[in-house]
>>> print(open('start_31.txt').read())   # compact mmCIF, C-alpha atoms
# COMPACT_ATOMS: atom_id res chain seq x y z
CA MET A 9 -15.64 6.08 23.96
CA ASN A 10 -12.26 7.32 25.16
CA LEU A 11 -12.66 10.95 23.99
CA ILE A 12 -9.73 13.33 24.52
CA GLU A 13 -9.87 17.03 23.69
CA ILE A 14 -6.75 18.49 22.05
CA GLU A 15 -6.13 22.21 22.43
CA ASP A 16 -2.36 22.43 21.97
CA VAL A 17 -0.70 21.28 18.74
CA ARG A 18 2.39 20.40 20.79
CA ASP A 19 0.49 17.78 22.78
CA ALA A 20 2.82 14.76 22.79
CA ARG A 21 -0.10 12.34 22.65
CA VAL A 22 -0.77 13.30 19.04
CA ALA A 23 2.86 13.49 17.87
CA VAL A 24 2.21 10.50 15.64
CA TYR A 25 -0.09 12.74 13.57
CA SER A 26 1.86 15.99 13.73
CA SER A 27 5.62 15.62 13.95
CA LEU A 28 6.73 12.17 12.79
CA THR A 29 7.89 11.63 9.22
CA GLU A 30 6.84 8.57 7.24
CA ALA A 31 10.27 7.03 7.88
CA GLN A 32 9.94 7.67 11.62
CA LEU A 33 6.46 6.15 11.68
CA ARG A 34 7.82 2.93 10.18
CA HIS A 35 10.24 2.63 13.10
CA THR A 36 7.91 3.79 15.88
CA ASP A 37 6.97 1.05 18.33
CA ALA A 38 3.21 0.70 18.01
CA SER A 39 2.92 -0.36 21.63
CA ALA A 40 4.27 3.06 22.66
CA CYS A 41 1.27 4.73 20.99
CA ARG A 42 -1.19 2.81 23.10
CA GLY A 43 -1.01 0.72 26.24
CA GLU A 44 0.27 -2.79 25.52
CA ALA A 45 -2.78 -4.45 27.05
CA ALA A 46 -5.19 -2.24 25.15
CA LEU A 47 -3.31 -2.85 21.91
CA HIS A 48 -3.72 -6.60 22.11
CA ALA A 49 -7.31 -6.32 23.28
CA SER A 50 -8.32 -4.57 20.04
CA ALA A 51 -10.64 -6.74 17.99
CA GLY A 52 -10.11 -7.08 14.25
CA ALA A 53 -11.07 -9.18 11.26
CA GLU A 54 -8.77 -11.77 9.74
CA SER A 55 -5.73 -10.14 8.14
CA VAL A 56 -3.52 -11.13 5.23
CA GLY A 57 -0.63 -10.58 7.63
CA THR A 58 -0.40 -11.01 11.40
CA ALA A 59 0.08 -7.79 13.35
CA SER A 60 2.64 -7.68 16.13
CA ALA A 61 3.60 -4.98 18.64
CA GLY A 62 6.71 -3.05 17.67
CA ARG A 63 6.18 -3.40 13.93
CA GLY A 64 5.75 0.32 13.33
CA VAL A 65 2.84 2.64 12.63
CA PHE A 66 1.03 3.96 9.59
CA ILE A 67 -1.72 6.56 9.17
CA ALA A 68 -5.00 5.80 7.39
CA GLU A 69 -6.95 8.80 6.15
CA SER A 70 -10.70 9.20 5.49
CA PRO A 71 -13.57 7.06 6.83
CA LYS A 72 -13.71 4.80 3.76
CA VAL A 73 -10.03 3.91 3.93
CA ILE A 74 -10.14 3.42 7.71
CA ARG A 75 -13.14 1.08 7.41
CA LEU A 76 -11.30 -1.05 4.86
CA ALA A 77 -8.20 -1.17 7.05
CA LEU A 78 -10.28 -2.37 10.01
CA GLU A 79 -12.17 -4.86 7.84
CA TYR A 80 -8.91 -6.44 6.69
CA GLY A 81 -7.51 -6.76 10.19
CA CYS A 82 -5.33 -3.69 10.78
CA ARG A 83 -5.14 -2.84 14.47
CA PRO A 84 -6.10 0.73 15.47
CA LEU A 85 -4.02 2.69 17.94
CA SER A 86 -5.92 6.00 18.05
CA LEU A 87 -8.19 8.25 16.03
CA LEU A 88 -7.87 11.96 15.25
CA CYS A 89 -11.29 13.27 14.34
CA GLU A 90 -13.12 16.57 13.96
CA ARG A 91 -15.91 16.89 16.51
CA ARG A 92 -18.66 16.90 13.90
CA HIS A 93 -17.57 13.53 12.52
CA ILE A 94 -17.65 11.71 15.87
CA THR A 95 -21.43 11.42 15.62
CA GLY A 96 -21.44 11.83 11.84
CA ASP A 97 -19.34 10.17 9.13
CA ALA A 98 -17.08 8.39 11.61
CA ALA A 99 -19.68 7.26 14.16
CA ASP A 100 -19.39 3.57 13.20
CA ILE A 101 -15.59 3.76 13.29
CA VAL A 102 -15.59 5.33 16.75
CA ALA A 103 -17.94 2.60 17.96
CA ALA A 104 -15.65 -0.10 16.55
CA LEU A 105 -12.53 1.27 18.27
CA GLY A 106 -13.57 0.32 21.78
CA ASP A 107 -11.19 1.94 24.27
CA CYS A 108 -8.79 3.39 21.68
CA PRO A 109 -8.14 7.09 22.29
CA VAL A 110 -10.25 9.38 20.09
CA TYR A 111 -8.51 12.75 19.89
CA THR A 112 -10.65 15.66 18.81
CA GLY A 113 -10.67 19.43 18.58
CA THR A 114 -11.79 22.26 16.37
CA ARG A 115 -11.17 22.13 12.65
CA GLU A 116 -8.66 24.97 13.05
CA VAL A 117 -6.68 23.25 15.81
CA LEU A 118 -6.50 19.98 13.90
CA ALA A 119 -5.42 21.78 10.72
CA ASP A 120 -2.63 23.47 12.70
CA LEU A 121 -1.66 20.13 14.21
CA THR A 122 -1.42 18.20 10.96
CA GLY A 123 -0.32 21.07 8.75
CA TYR A 124 -3.29 20.77 6.41
CA THR A 125 -7.06 20.49 6.49
CA LEU A 126 -7.99 16.88 7.15
CA THR A 127 -9.47 14.89 4.28
CA ARG A 128 -12.98 14.03 5.45
CA GLY A 129 -11.87 15.09 8.94
CA VAL A 130 -10.57 11.70 10.16
CA LEU A 131 -7.14 10.11 10.61
CA CYS A 132 -6.38 6.78 12.28
CA ALA A 133 -2.99 5.63 13.55
CA MET A 134 -2.65 1.87 13.04
CA GLU A 135 -0.14 -0.83 13.76
CA ARG A 136 1.75 -1.96 10.69
CA PRO A 137 0.95 -5.53 9.66
CA VAL A 138 3.81 -7.92 9.07
CA PRO A 139 4.56 -8.04 5.31
CA LEU A 140 4.11 -11.37 3.60
CA SER A 141 7.06 -13.29 2.19
CA PRO A 142 7.36 -13.72 -1.58
CA ALA A 143 6.31 -17.35 -1.19
CA GLN A 144 3.18 -16.33 0.72
CA VAL A 145 2.24 -13.71 -1.90
CA CYS A 146 2.79 -16.21 -4.72
CA GLU A 147 0.97 -19.12 -3.12
CA GLY A 148 -2.01 -20.02 -5.31
CA ALA A 149 -1.42 -17.00 -7.56
CA SER A 150 -1.26 -16.96 -11.35
CA ARG A 151 -0.49 -13.26 -11.86
CA VAL A 152 1.59 -11.01 -9.62
CA ALA A 153 2.88 -7.47 -10.09
CA VAL A 154 6.50 -6.63 -9.31
CA ILE A 155 7.16 -2.96 -8.54
CA ASP A 156 10.84 -2.20 -9.10
CA SER A 157 12.22 1.08 -7.71
CA VAL A 158 8.99 3.07 -8.09
CA CYS A 159 9.34 5.95 -5.65
CA ASP A 160 6.29 8.13 -6.26
CA THR A 161 3.59 7.55 -3.64
CA THR A 162 0.78 8.44 -6.04
CA ASN A 163 1.99 5.87 -8.57
CA ILE A 164 2.31 3.20 -5.88
CA GLY A 165 -1.27 3.79 -4.77
CA ALA A 166 -2.57 3.80 -8.34
CA ILE A 167 -0.74 0.56 -9.19
CA PHE A 168 -2.27 -1.17 -6.16
CA ARG A 169 -5.73 0.06 -7.11
CA SER A 170 -5.34 -1.23 -10.68
CA ALA A 171 -3.94 -4.53 -9.46
CA ALA A 172 -6.92 -5.07 -7.16
CA ALA A 173 -9.42 -4.09 -9.85
CA LEU A 174 -7.91 -5.98 -12.79
CA GLY A 175 -7.35 -9.47 -11.46
CA ILE A 176 -3.77 -9.41 -10.15
CA ASP A 177 -3.34 -11.86 -7.28
CA GLY A 178 -0.54 -10.15 -5.35
CA VAL A 179 2.11 -7.43 -5.39
CA LEU A 180 5.83 -7.64 -4.63
CA LEU A 181 8.13 -4.64 -4.29
CA THR A 182 11.88 -4.19 -4.39
CA PRO A 183 13.40 -2.54 -1.29
CA THR A 184 14.10 0.58 -3.40
CA SER A 185 10.38 1.18 -3.93
CA CYS A 186 8.09 3.44 -1.90
CA ASP A 187 6.28 2.05 1.13
CA PRO A 188 2.70 1.02 0.17
CA LEU A 189 1.55 2.11 3.64
CA ASN A 190 2.71 5.68 3.09
CA ARG A 191 -0.33 7.83 3.90
CA ARG A 192 -0.70 9.25 0.39
CA ALA A 193 -0.17 5.86 -1.25
CA VAL A 194 -2.89 4.36 0.95
CA ARG A 195 -5.26 7.20 0.13
CA VAL A 196 -4.64 7.04 -3.64
CA SER A 197 -5.14 3.27 -3.55
CA MET A 198 -8.57 3.91 -1.99
CA GLY A 199 -7.62 1.35 0.66
CA THR A 200 -7.04 -1.47 -1.86
CA VAL A 201 -3.55 -1.86 -0.39
CA PHE A 202 -5.33 -3.68 2.45
CA LYS A 203 -7.12 -6.01 0.03
CA MET A 204 -4.02 -7.13 -1.87
CA PRO A 205 -1.50 -9.66 -0.56
CA TRP A 206 1.86 -7.88 -0.79
CA GLY A 207 5.41 -8.10 0.41
CA TRP A 208 9.04 -7.18 -0.26
CA LEU A 209 11.43 -9.00 -2.57
CA PRO A 210 14.97 -9.56 -1.29
CA ALA A 211 17.55 -6.91 -2.18
CA SER A 212 19.23 -9.44 -4.49
CA GLY A 213 17.89 -12.59 -6.10
CA GLY A 214 14.33 -11.34 -6.55
CA TYR A 215 13.85 -13.11 -9.88
CA GLU A 216 15.24 -16.31 -8.40
CA ALA A 217 12.67 -16.08 -5.61
CA LEU A 218 9.92 -15.77 -8.23
CA ALA A 219 11.31 -18.70 -10.22
CA GLU A 220 11.30 -20.84 -7.09
CA CYS A 221 7.57 -20.09 -6.82
CA GLY A 222 7.03 -21.27 -10.40
CA PHE A 223 6.76 -17.83 -12.02
CA ARG A 224 8.19 -16.56 -15.27
CA THR A 225 8.83 -12.84 -15.53
CA VAL A 226 7.91 -10.25 -18.15
CA ALA A 227 9.70 -6.90 -17.96
CA MET A 228 7.71 -3.94 -19.24
CA ALA A 229 10.29 -2.06 -21.29
CA LEU A 230 10.89 -0.47 -24.70
CA THR A 231 13.70 -2.53 -26.24
CA ASP A 232 14.49 -3.66 -29.76
CA ASP A 233 13.65 -7.27 -28.96
CA SER A 234 10.49 -6.67 -26.90
CA VAL A 235 7.24 -8.34 -27.93
CA SER A 236 3.83 -6.70 -28.00
CA ILE A 237 1.87 -6.85 -24.77
CA ASP A 238 -0.84 -8.87 -26.53
CA ASP A 239 1.55 -11.66 -27.58
CA PRO A 240 -0.35 -14.95 -27.09
CA VAL A 241 2.76 -16.60 -25.61
CA LEU A 242 2.57 -14.24 -22.65
CA LYS A 243 -1.11 -14.86 -22.10
CA ALA A 244 -0.54 -18.60 -22.19
CA GLU A 245 1.91 -18.54 -19.27
CA PRO A 246 0.21 -20.20 -16.29
CA ARG A 247 2.15 -18.11 -13.76
CA LEU A 248 3.45 -14.71 -14.81
CA ALA A 249 5.09 -11.86 -12.87
CA ILE A 250 4.67 -8.43 -14.53
CA VAL A 251 7.69 -6.25 -13.71
CA LEU A 252 7.23 -2.45 -13.71
CA GLY A 253 10.08 0.03 -13.46
CA THR A 254 10.75 3.43 -12.01
CA GLU A 255 9.10 6.57 -13.34
CA GLY A 256 12.11 8.15 -15.07
CA ASP A 257 14.52 5.57 -16.42
CA GLY A 258 12.30 2.51 -16.32
CA LEU A 259 13.80 -0.88 -15.51
CA SER A 260 17.55 -1.31 -15.22
CA ALA A 261 19.43 -3.11 -17.97
CA GLN A 262 20.11 -5.95 -15.54
CA ALA A 263 16.43 -6.34 -14.61
CA ILE A 264 15.53 -6.49 -18.31
CA ALA A 265 18.29 -8.99 -19.08
CA ASP A 266 17.23 -11.25 -16.19
CA ALA A 267 13.56 -11.37 -17.25
CA ASP A 268 12.16 -14.29 -19.23
CA TYR A 269 10.29 -11.91 -21.57
CA VAL A 270 10.36 -8.22 -22.42
CA ALA A 271 7.08 -6.64 -23.52
CA ARG A 272 6.01 -3.23 -24.75
CA ILE A 273 2.70 -1.42 -25.09
CA PRO A 274 2.36 -0.25 -28.72
CA MET A 275 2.24 3.55 -28.95
CA SER A 276 0.79 6.06 -31.41
CA ARG A 277 1.51 9.69 -32.46
CA GLY A 278 5.16 9.51 -31.48
CA VAL A 279 4.47 8.98 -27.76
CA ASP A 280 7.31 6.87 -26.39
CA SER A 281 5.81 5.62 -23.12
CA LEU A 282 3.07 5.83 -20.52
CA ASN A 283 3.25 6.81 -16.89
CA VAL A 284 4.03 3.67 -14.88
CA ALA A 285 0.61 3.69 -13.19
CA ALA A 286 -1.19 3.92 -16.54
CA ALA A 287 1.09 1.28 -18.05
CA SER A 288 0.38 -1.05 -15.15
CA ALA A 289 -3.37 -0.88 -15.77
CA VAL A 290 -2.92 -1.72 -19.47
CA ALA A 291 -0.56 -4.60 -18.67
CA PHE A 292 -2.75 -6.03 -15.92
CA TRP A 293 -5.82 -6.00 -18.16
CA GLU A 294 -4.06 -7.45 -21.19
CA LEU A 295 -2.16 -10.17 -19.33
CA ARG A 296 -4.87 -11.22 -16.88
CA ARG A 297 -5.83 -14.87 -16.71
CA ASN A 298 -9.16 -15.45 -18.45
>>> encode(input="start_31.txt", output="structure tokens")
Amino acid sequence: MNLIEIEDVRDARVAVYSSLTEAQLRHTDASACRGEAALHASAGAESVGTASAGRGVFIAESPKVIRLALEYGCRPLSLLCERRHITGDAADIVAALGDCPVYTGTREVLADLTGYTLTRGVLCAMERPVPLSPAQVCEGASRVAVIDSVCDTTNIGAIFRSAAALGIDGVLLTPTSCDPLNRRAVRVSMGTVFKMPWGWLPASGGYEALAECGFRTVAMALTDDSVSIDDPVLKAEPRLAIVLGTEGDGLSAQAIADADYVARIPMSRGVDSLNVAAASAVAFWELRRN
């Protein structure tokens, strides 16, 4: 175990946990957070994407989430852990990290360093996996979720968790959506972001990319010509992409016009819509392949 005591919150070795924004983490060279040789020596399970030095960094939080990330092939760079968890909740994680640095300190020092009390006392910096292409996500799939311009990290995490639980085969996001590897999104997803094949749609021509993969699209929107979510025509589609829009305005008029179908969830008591995360769970369940 490569145990390193941290006493100063300004210690540059733990800047990845203390001073880098989510945007900066995405553009941080992972090989700079650990020695190049040590990075490539890290053992991991098979991954849905192939990790590569220089792809950026993300932070996994809590032992359960970190275990899932390791199980699905994410490469660890370092661990930040309260002392009591090194031989406690995180003992198996520490053992699996080999020569990765394990930074530790008192609960108070680590809270000062991160700006908040650690959830379950453990954070792990990991190399970002390479996102899959739309064709890779769609290969062999019958149902995929398309997240269009959803910016709330909590909603992103909840959509991934529902997709994993309710039979969706993969997730695609527009470039205007939040990063699924944002720390809060990962935590809310309970690590299911690592279980789901996912990738980014191109900035333009996303529907065309889906059509090339044999998918028809259903936009979740409240329009005059929308059909009910339980329409048997939708369920009969062999390959269907369920398109979900942003929290405030929903899908753009162009996204709705370009879709093959438009569907709504029937509402009661004058309620006009559901939160996008709740709506995704209803749509995934109703439109799943039996």
>>> closest_residue(input="start_31.txt", among="A:Asp257, A:Asp120, A:Glu79, A:Asp280", to="Asp16 in chain A", atoms="all atoms listed in the file")
A:Asp120
>>> atom_distance(input="start_31.txt", atom1="CA of Asp177 in chain A", atom2="CA of Ala286 in chain A")
18.4 Å
>>> closest_atom_pairs(input="start_31.txt", of="range 133-242 of chain A", to="range 22-35 of chain A", cutoff="10 Å", atoms="only C-alpha atoms", output="JSON lines")
{"residue": "A:Ala133", "atom": "CA", "partner": "A:Val24", "partner_atom": "CA", "distance": 7.4}
{"residue": "A:Glu135", "atom": "CA", "partner": "A:Arg34", "partner_atom": "CA", "distance": 9.5}
{"residue": "A:Arg136", "atom": "CA", "partner": "A:Arg34", "partner_atom": "CA", "distance": 7.8}
{"residue": "A:Asp187", "atom": "CA", "partner": "A:Glu30", "partner_atom": "CA", "distance": 9.0}
{"residue": "A:Leu189", "atom": "CA", "partner": "A:Glu30", "partner_atom": "CA", "distance": 9.1}
{"residue": "A:Asn190", "atom": "CA", "partner": "A:Glu30", "partner_atom": "CA", "distance": 6.5}
{"residue": "A:Arg191", "atom": "CA", "partner": "A:Glu30", "partner_atom": "CA", "distance": 7.9}
>>> residues_near_point(input="start_31.txt", point="(0.2, -5.6, -12.6)", cutoff="8 Å", atoms="all atoms listed in the file", output="PyMOL selection string")
chain A and resi 151-154+167+170-171+176+179+249-252+288-289+291-292
>>> atom_distance(input="start_31.txt", atom1="CA of Asp107 in chain A", atom2="CA of Pro84 in chain A")
10.2 Å
>>> closest_residue(input="start_31.txt", among="A:Met134, A:Leu248, A:Ala38, A:Met9", to="Ala103 in chain A", atoms="all atoms listed in the file")
A:Met9
>>> residues_around(input="start_31.txt", residues="range 215-229 of chain A", least_positions_apart="4", cutoff="9 Å", atoms="all atoms listed in the file", output="ChimeraX atom specification")
/A:142-143,146-147,150-152,209-210,234,237,242,245-253,258-259,263-273,287-288,291
>>> atom_distance(input="start_31.txt", atom1="CA of Gly178 in chain A", atom2="CA of Gly207 in chain A")
8.5 Å
>>> closest_residue(input="start_31.txt", among="A:Thr200, A:Asn283, A:Ser157, A:Ser212", to="Cys186 in chain A", atoms="only C-alpha atoms")
A:Ser157
>>> closest_residue(input="start_31.txt", among="A:Thr114, A:Arg83, A:Arg297, A:Ser70", to="Ala98 in chain A", atoms="only C-alpha atoms")
A:Ser70
>>> residues_around(input="start_31.txt", residues="Gly113 in chain A", least_positions_apart="6", cutoff="6 Å", atoms="only C-alpha atoms", output="PDB file with C-alpha atoms, keeping the file's coordinate frame")
ATOM      1  CA  GLU A  13      -9.870  17.030  23.690  1.00  0.00           C
ATOM      2  CA  ILE A  14      -6.750  18.490  22.050  1.00  0.00           C
ATOM      3  CA  GLU A  90     -13.120  16.570  13.960  1.00  0.00           C
TER       4      GLU A  90
END
>>> axis_aligned_box(input="start_31.txt", around="range 81-99 of chain A", padding_each_side="5 Å", output="lines of an AutoDock Vina configuration file")
center_x = -12.7
center_y = 5.1
center_z = 13.6
size_x = 27.4
size_y = 33.7
size_z = 18.9
>>> residues_around(input="start_31.txt", residues="Arg195 in chain A", least_positions_apart="5", cutoff="9 Å", atoms="all atoms listed in the file", output="mmCIF file with C-alpha atoms, in the frame of the given file")
data_model
loop_
_atom_site.group_PDB
_atom_site.id
_atom_site.type_symbol
_atom_site.label_atom_id
_atom_site.label_comp_id
_atom_site.auth_asym_id
_atom_site.auth_seq_id
_atom_site.Cartn_x
_atom_site.Cartn_y
_atom_site.Cartn_z
ATOM 1 C CA ALA A 68 -5.000 5.800 7.390
ATOM 2 C CA GLU A 69 -6.950 8.800 6.150
ATOM 3 C CA SER A 70 -10.700 9.200 5.490
ATOM 4 C CA VAL A 73 -10.030 3.910 3.930
ATOM 5 C CA THR A 162 0.780 8.440 -6.040
ATOM 6 C CA GLY A 165 -1.270 3.790 -4.770
ATOM 7 C CA ASN A 190 2.710 5.680 3.090
#
